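Shown next, in structure tokens, is the structure this report addresses.
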Number of protein chains: 2
Amino acid sequence: MIDTLIEKIIEKNNPTAVGLDTSFDYLPDEMKTCCKTAEDAAKAITEFNVTLIDRIKNLVPAVKVQVAYYEMYGVAGLQAFETTLKTARANGLVAIADCKRNDIGSTAACYSAAYLGRSKIGDYEFTPFESDFLTVNGYLGADGLDPFVADCRKYNRGLFVLVKTSNPSSGQLQDKKMDDGRTLYEHTASLVTACGKDLVGKYGYSDIGAVIGATHPAQAERVRREFPALFFLIPGYGAQGGSADGLTVCFDDRGLGGIVNNSRGIICAYKSEKYKGQSYAQAAENAVIAMREDIYRSLQKAGKAR
Amino acid sequence: MIDTLIEKIIEKNNPTAVGLDTSFDYLPDEMKTCCKTAEDAAKAITEFNVTLIDRIKNLVPAVKVQVAYYEMYGVAGLQAFETTLKTARANGLVAIADCKRNDIGSTAACYSAAYLGRSKIGDYEFTPFESDFLTVNGYLGADGLDPFVADCRKYNRGLFVLVKTSNPSSGQLQDKKMDDGRTLYEHTASLVTACGKDLVGKYGYSDIGAVIGATHPAQAERVRREFPALFFLIPGYGAQGGSADGLTVCFDDRGLGGIVNNSRGIICAYKSEKYKGQSYAQAAENAVIAMREDIYRSLQKAGKAR
């Protein structure tokens with residue numbers, strides 16, 4: 001699946017993903033009026049996402065759908081999550097389910113079936129929240145990752161495992177040095193690399209990648225250098241303060257190696273001064289184009305533009 | 001909420017939780033026949049859980065509901081998850097949602113709203129998957145925990161944060177020594193203790209507790225000694241190989257300090273030789289009684305029985 005993602009990035013000349021972290025609060029007022037229940041809210045969120053997907057489908061290779069924003073609205077919200085993933089994939093976008101799931105053995109296998117593999121009810125098989133990539137948390141070690149990795153192999157899917165996250169306190173545990181002088185995030189990166197060593201595609205990247213925040217360039221650069229087969233999912237651009245210049249260290253000399261997510265900066269662009277008066281879809285489209293240019297300029301400066 | 005849990009443990013003289021990790025595969029054949037869709041399966045799972053809850057409600061203080069077994073069946077499965085939590089709480093049981101959620105800032109706040117806090121749609125407020133406790137993963141540091149902790153304070157809920165998990169490879173990262181000589185799981189325990197320091201109840205335990213596997217007694221003993229305010233959720237008894245004698249180190253001299261989960265050993269008891277011929281509800285009841293006796297005997301041997 002990593003080869004498919006990279007090919008879509010090359011085709012659209014755009015290493016970015018639109019984050020559909022669609023909180024009900026983010027919707028335009030006219031979509032929120034009359035919404036009284038979780039079902040109403042979920043329908044409005046779905047409509048918003050479907051409109052956005054149609055608008056950005058030719059500009060970006062992927063969307064990242066953060067499940068927390070749907071779980072928040074219960075069963076109805078998860079229906080919106082399912083429809084959003086399905087719509088994205090039907091429109092030729094790579095769907096990254098940002099769920100940060102984690103558990104062990106048979107329980108991890110259940111999570112994996114929900115997103116990457118197959119759930120079985122007698123002879124009936126299905127994938128309820130079918131996704132191309134899933135984010136997972138590796139704190140439990142290899143046997144927390146193996147069931148997911150097995151489904152990636154079997155069904156041509158991919159993972160992004162949390163390595164160095166974008167938040168201010170990510171260093172509390174992740175930057176701590178072990179007695180061998182290496183940090184926890186390097187040990188995690190090493191574990192992730194080992195899990196994905198048999199799933200390296202034609203561009204040299206593995207289906208089993210890493211989440212590396214745009215807000216920590218020094219750590220990102222170190223992971224890029226030490227673990228060249230890890231493809232990065234890069235959150236933290238924009239709203240969280242990560243700059244395009246800072247994240248060029250995530251990319252290799254071919255301009256490959258990562259996909260940069262932006263959520264609020266795109267889906268809430270219509271609320272900003274810059275895009276004032278535009279519809280949410282028009283503003284999102286313009287924000288996607290501006291982001292592509294921003295990243296392209298920085299990659300060019302770093303001698304890594306495609 | 002930790003005081004409520006402890007009081008229910010004392011009242012029932014039983015520090016155990018029944019794990020409703022109800023895979024469709026675990027149901028008796030007669031409940032599985034005729035199930036062709038996710039909706040059918042979810043209904044059968046709900047019926048199984050409701051029957052079990054009615055049977056064990058006077059014997060145990062709590063149930064732990066592992067969401068992966070419901071996510072696996074999609075939106076319909078999550079409806080079963082919601083009904084199971086609601087039924088457990090309506091029957092006076094403490095409901096532990098085992099979701100191991102983790103994210104940062106506003107996203108963590110969404111997860112917290114889904115289980116512990118309140119989701120808002122205009123003036124309408126609700127908690128879609130209302131739970132008394134939620135399990136979370138602390139790899140992201142304090143600002144991944146704070147939004148959950150804030151809701152615990154506001155709505156009288158609790159957390160169990162992964163510290164030392166029960167699986168074989170949990171040591172890959174968790175047992176690694178930092179350059180100060182302490183392991184990662186000790187650093188995590190320290191972080192969890194700091195997050196919960198203002199939420200210590202009348203028994204000396206905090207609403208913000210820790211997941212400590214029954215399969216690693218040496219590590220459990222160390223955490224109990226170093227972090228006396230952490231109440232433990234203890235998986236790994238039974239199917240995973242943890243023994244009652246091994247887990248007495250998790251308890252203090254009053255016989256308090258932890259709650260031991262057992263999932264398959266109870267809900268699948270009817271499939272074992274020991275309970276052959278009994279209904280699943282009868283077998284589960286007997287397995288619960290046997291587990292209580294097993295743990296009581298071990299606590300007595302260790303001089304910690306109540």
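Identifiers in this document derive from the order of the structure tokens: chains are assigned A, B, ..., residues are numbered from 1 separately in each chain, and ligands are numbered from 1 in order of occurrence.
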> Can you list every residue in region 10-154 of chain A that DSSP puts in helix (DSSP H, G or I), as a ChimeraX atom specification?
Replying inline: /A:10-12,24-26,29-32,38-56,68-71,74-90,105-115,142-154
Tell me, counting only C-alpha atoms, for each residue of chain B within 7 Å of chain A, which pair of atoms is nearest and how far apart they are in Å to one decimal, in rows ordered by chain and increasing number, as JSON lines.
```
{"residue": "B:Lys36", "atom": "CA", "partner": "A:Ile121", "partner_atom": "CA", "distance": 6.6}
{"residue": "B:Thr37", "atom": "CA", "partner": "A:Ile121", "partner_atom": "CA", "distance": 6.9}
{"residue": "B:Ala68", "atom": "CA", "partner": "A:Tyr111", "partner_atom": "CA", "distance": 5.2}
{"residue": "B:Tyr69", "atom": "CA", "partner": "A:Cys110", "partner_atom": "CA", "distance": 5.9}
{"residue": "B:Glu71", "atom": "CA", "partner": "A:Ala114", "partner_atom": "CA", "distance": 6.0}
{"residue": "B:Met72", "atom": "CA", "partner": "A:Ala114", "partner_atom": "CA", "distance": 4.3}
{"residue": "B:Tyr73", "atom": "CA", "partner": "A:Pro128", "partner_atom": "CA", "distance": 6.4}
{"residue": "B:Gly74", "atom": "CA", "partner": "A:Pro128", "partner_atom": "CA", "distance": 4.7}
{"residue": "B:Val75", "atom": "CA", "partner": "A:Val75", "partner_atom": "CA", "distance": 6.0}
{"residue": "B:Leu78", "atom": "CA", "partner": "A:Val75", "partner_atom": "CA", "distance": 6.2}
{"residue": "B:Gln79", "atom": "CA", "partner": "A:Val75", "partner_atom": "CA", "distance": 6.1}
{"residue": "B:Lys100", "atom": "CA", "partner": "A:Asn102", "partner_atom": "CA", "distance": 6.6}
{"residue": "B:Arg101", "atom": "CA", "partner": "A:Arg101", "partner_atom": "CA", "distance": 7.0}
{"residue": "B:Asn102", "atom": "CA", "partner": "A:Lys100", "partner_atom": "CA", "distance": 6.6}
{"residue": "B:Ile104", "atom": "CA", "partner": "A:Asn167", "partner_atom": "CA", "distance": 6.6}
{"residue": "B:Thr107", "atom": "CA", "partner": "A:Ala68", "partner_atom": "CA", "distance": 6.2}
{"residue": "B:Cys110", "atom": "CA", "partner": "A:Met72", "partner_atom": "CA", "distance": 5.5}
{"residue": "B:Tyr111", "atom": "CA", "partner": "A:Ala68", "partner_atom": "CA", "distance": 5.1}
{"residue": "B:Ala113", "atom": "CA", "partner": "A:Met72", "partner_atom": "CA", "distance": 6.0}
{"residue": "B:Ala114", "atom": "CA", "partner": "A:Met72", "partner_atom": "CA", "distance": 4.4}
{"residue": "B:Ser119", "atom": "CA", "partner": "A:Met72", "partner_atom": "CA", "distance": 6.1}
{"residue": "B:Ile121", "atom": "CA", "partner": "A:Lys36", "partner_atom": "CA", "distance": 6.6}
{"residue": "B:Tyr124", "atom": "CA", "partner": "A:Lys36", "partner_atom": "CA", "distance": 6.7}
{"residue": "B:Pro128", "atom": "CA", "partner": "A:Gly74", "partner_atom": "CA", "distance": 4.7}
{"residue": "B:Phe129", "atom": "CA", "partner": "A:Gly74", "partner_atom": "CA", "distance": 6.7}
{"residue": "B:Tyr139", "atom": "CA", "partner": "A:Tyr139", "partner_atom": "CA", "distance": 6.6}
{"residue": "B:Leu140", "atom": "CA", "partner": "A:Ser170", "partner_atom": "CA", "distance": 5.0}
{"residue": "B:Gly141", "atom": "CA", "partner": "A:Ser170", "partner_atom": "CA", "distance": 5.3}
{"residue": "B:Ala142", "atom": "CA", "partner": "A:Ser169", "partner_atom": "CA", "distance": 6.1}
{"residue": "B:Asp143", "atom": "CA", "partner": "A:Ser169", "partner_atom": "CA", "distance": 5.9}
{"residue": "B:Thr165", "atom": "CA", "partner": "A:Leu140", "partner_atom": "CA", "distance": 6.7}
{"residue": "B:Asn167", "atom": "CA", "partner": "A:Ile104", "partner_atom": "CA", "distance": 6.6}
{"residue": "B:Ser169", "atom": "CA", "partner": "A:Gly141", "partner_atom": "CA", "distance": 5.4}
{"residue": "B:Ser170", "atom": "CA", "partner": "A:Leu140", "partner_atom": "CA", "distance": 5.0}
{"residue": "B:Gln172", "atom": "CA", "partner": "A:Gly141", "partner_atom": "CA", "distance": 5.5}
{"residue": "B:Leu173", "atom": "CA", "partner": "A:Gly141", "partner_atom": "CA", "distance": 6.2}
{"residue": "B:Lys176", "atom": "CA", "partner": "A:Met178", "partner_atom": "CA", "distance": 6.9}
{"residue": "B:Lys177", "atom": "CA", "partner": "A:Met178", "partner_atom": "CA", "distance": 5.6}
{"residue": "B:Met178", "atom": "CA", "partner": "A:Met178", "partner_atom": "CA", "distance": 3.7}
{"residue": "B:Asp179", "atom": "CA", "partner": "A:Asp179", "partner_atom": "CA", "distance": 4.2}
```
> Could you work out how far CA of Thr22 (chain A) lies from CA of Ile45 (chain A), giving the answer in Å with one decimal?
Replying inline: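 Those two atoms sit 6.6 Å apart.
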> If we count only C-alpha atoms, what is near Asp132 (chain A) at a cut-off of 10 Å, once residues fewer than 6 positions away on the same chain are taken out, given as a ChimeraX atom specification?
Replying inline: /A:1-2,4-5,62,85,89,93-97,115-116,152,155-159
Could you please take those selected residues and save N, CA and C atoms as a compact mmCIF listing (two decimals), in the first residue's frame?
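Result file part18.txt:
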```txt
# COMPACT_ATOMS: atom_id res chain seq x y z
N MET A 1 0.82 -1.22 0.00
CA MET A 1 0.00 0.00 0.00
C MET A 1 0.85 1.27 0.00
N ILE A 2 2.09 1.18 0.56
CA ILE A 2 2.94 2.37 0.58
C ILE A 2 3.29 2.79 -0.86
N THR A 4 1.38 2.49 -3.49
CA THR A 4 0.20 3.19 -4.00
C THR A 4 0.16 4.62 -3.49
N LEU A 5 0.40 4.78 -2.20
CA LEU A 5 0.38 6.14 -1.63
C LEU A 5 1.45 7.00 -2.30
N ALA A 62 -4.43 11.87 -0.39
CA ALA A 62 -4.97 11.13 0.77
C ALA A 62 -5.76 12.03 1.70
N LEU A 85 -14.92 7.42 5.15
CA LEU A 85 -13.85 6.55 4.64
C LEU A 85 -14.24 5.97 3.28
N ARG A 89 -12.34 6.66 -0.38
CA ARG A 89 -11.75 5.57 -1.18
C ARG A 89 -12.43 5.46 -2.54
N LEU A 93 -9.00 8.39 -3.30
CA LEU A 93 -8.08 8.88 -2.27
C LEU A 93 -7.63 7.73 -1.37
N VAL A 94 -6.39 7.81 -0.92
CA VAL A 94 -5.92 6.88 0.11
C VAL A 94 -6.52 7.33 1.44
N ALA A 95 -7.13 6.38 2.16
CA ALA A 95 -7.79 6.72 3.43
C ALA A 95 -6.94 6.26 4.60
N ILE A 96 -6.51 7.22 5.39
CA ILE A 96 -5.74 6.93 6.61
C ILE A 96 -6.69 7.07 7.80
N ALA A 97 -6.97 5.97 8.47
CA ALA A 97 -7.82 6.03 9.67
C ALA A 97 -6.91 6.33 10.86
N TYR A 115 -10.48 -2.42 10.66
CA TYR A 115 -9.96 -1.38 9.76
C TYR A 115 -9.21 -1.92 8.55
N LEU A 116 -8.47 -3.02 8.76
CA LEU A 116 -7.54 -3.48 7.72
C LEU A 116 -7.85 -4.87 7.19
N CYS A 152 -1.70 -6.21 7.15
CA CYS A 152 -1.09 -5.36 6.12
C CYS A 152 -0.51 -6.22 5.00
N TYR A 155 -3.65 -8.16 3.17
CA TYR A 155 -4.66 -7.37 2.45
C TYR A 155 -4.10 -6.10 1.80
N ASN A 156 -2.77 -6.00 1.73
CA ASN A 156 -2.13 -4.81 1.15
C ASN A 156 -2.61 -3.52 1.80
N ARG A 157 -2.27 -3.40 3.08
CA ARG A 157 -2.59 -2.18 3.84
C ARG A 157 -1.30 -1.65 4.46
N GLY A 158 -1.41 -0.59 5.20
CA GLY A 158 -0.25 -0.03 5.88
C GLY A 158 -0.57 0.51 7.26
N LEU A 159 0.49 0.75 8.02
CA LEU A 159 0.35 1.31 9.36
C LEU A 159 1.24 2.54 9.51
```
>> Can you tell me, as a VMD selection string, which residues in region 8-214 of chain B count as strand (DSSP E) by DSSP?
In response: chain B and resid 16 to 19 62 to 66 94 to 101 119 to 121 124 to 126 133 to 136 158 to 164 208 to 212
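Our summary of the geometry notes that CA of Gln219 (chain A) is positioned 12.4 Å from CA of Ile234 (chain A).
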> Could you state the separation of CA of Ser131 (chain A) and CA of Glu47 (chain A) in Å, given to one decimal place?
Replying inline: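 CA of Ser131 (chain A) sits 19.6 Å away from CA of Glu47 (chain A).
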> Can you tell me, as a VMD selection string, what residues are no more than 9 Å from Asn262 (chain B) when counting only C-alpha atoms, ignoring any on the same chain fewer than 2 positions away?
Replying inline: chain B and resid 16 to 20 64 234 to 239 260 264 to 267 288 291
With C-alpha atoms kept, could you save the residues just selected as an mmCIF file, in the first residue's frame?
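Output file result.cif follows:
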```cif
data_model
loop_
_atom_site.group_PDB
_atom_site.id
_atom_site.type_symbol
_atom_site.label_atom_id
_atom_site.label_comp_id
_atom_site.auth_asym_id
_atom_site.auth_seq_id
_atom_site.Cartn_x
_atom_site.Cartn_y
_atom_site.Cartn_z
ATOM 1 C CA THR B 16 -12.541 -8.922 40.290
ATOM 2 C CA ALA B 17 -14.076 -7.657 37.076
ATOM 3 C CA VAL B 18 -15.792 -9.727 34.421
ATOM 4 C CA GLY B 19 -14.371 -8.937 31.002
ATOM 5 C CA LEU B 20 -17.130 -8.735 28.419
ATOM 6 C CA LYS B 64 -14.581 -4.401 31.779
ATOM 7 C CA ILE B 234 -4.908 -6.196 36.453
ATOM 8 C CA PRO B 235 -5.387 -8.166 33.226
ATOM 9 C CA GLY B 236 -3.716 -11.474 32.437
ATOM 10 C CA TYR B 237 -5.251 -13.738 35.084
ATOM 11 C CA GLY B 238 -6.315 -17.110 33.720
ATOM 12 C CA ALA B 239 -6.115 -17.447 29.942
ATOM 13 C CA VAL B 260 -8.369 -8.395 38.563
ATOM 14 C CA ARG B 264 -12.567 -15.660 28.458
ATOM 15 C CA GLY B 265 -12.179 -17.647 31.695
ATOM 16 C CA ILE B 266 -15.663 -16.489 32.636
ATOM 17 C CA ILE B 267 -17.638 -15.742 29.486
ATOM 18 C CA VAL B 288 -16.860 -16.089 38.988
ATOM 19 C CA MET B 291 -12.175 -17.059 40.800
#
```
>> Using only C-alpha atoms, can you tell me which of B:Ile259, B:Asp175, B:Lys276, B:Asp198 comes closest to Lys8 (chain B)?
In response: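 The closest residue to Lys8 (chain B) is B:Ile259.
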Neighbouring residues of Glu221 (chain A) were defined as those with any atom within 7 Å, considering only C-alpha atoms; residues of the same chain fewer than 3 positions away were excluded. Please report them as a JSON list (two decimals) with N, CA, C and O atoms, in the first residue's frame.
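Saved as result_29.json:
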```
[["chain", "number", "residue", "atom", "x", "y", "z"],
["A", 217, "PRO", "N", 11.74, 19.11, 14.41],
["A", 217, "PRO", "CA", 12.60, 18.82, 13.26],
["A", 217, "PRO", "C", 13.89, 18.06, 13.63],
["A", 217, "PRO", "O", 14.32, 17.19, 12.87],
["A", 218, "ALA", "N", 14.48, 18.36, 14.78],
["A", 218, "ALA", "CA", 15.75, 17.70, 15.13],
["A", 218, "ALA", "C", 15.53, 16.19, 15.28],
["A", 218, "ALA", "O", 16.31, 15.38, 14.75],
["A", 224, "ARG", "N", 14.84, 10.07, 10.25],
["A", 224, "ARG", "CA", 15.02, 9.94, 8.80],
["A", 224, "ARG", "C", 16.38, 9.33, 8.46],
["A", 224, "ARG", "O", 16.50, 8.47, 7.59],
["A", 225, "ARG", "N", 17.41, 9.78, 9.18],
["A", 225, "ARG", "CA", 18.78, 9.32, 8.91],
["A", 225, "ARG", "C", 18.97, 7.87, 9.37],
["A", 225, "ARG", "O", 19.52, 7.04, 8.65],
["A", 249, "VAL", "N", 13.30, 18.09, 6.51],
["A", 249, "VAL", "CA", 14.21, 17.03, 6.99],
["A", 249, "VAL", "C", 13.55, 15.65, 6.95],
["A", 249, "VAL", "O", 14.24, 14.63, 7.03],
["A", 250, "CYS", "N", 12.22, 15.62, 6.86],
["A", 250, "CYS", "CA", 11.51, 14.34, 6.82],
["A", 250, "CYS", "C", 11.63, 13.67, 5.44],
["A", 250, "CYS", "O", 11.33, 12.48, 5.30]]
```
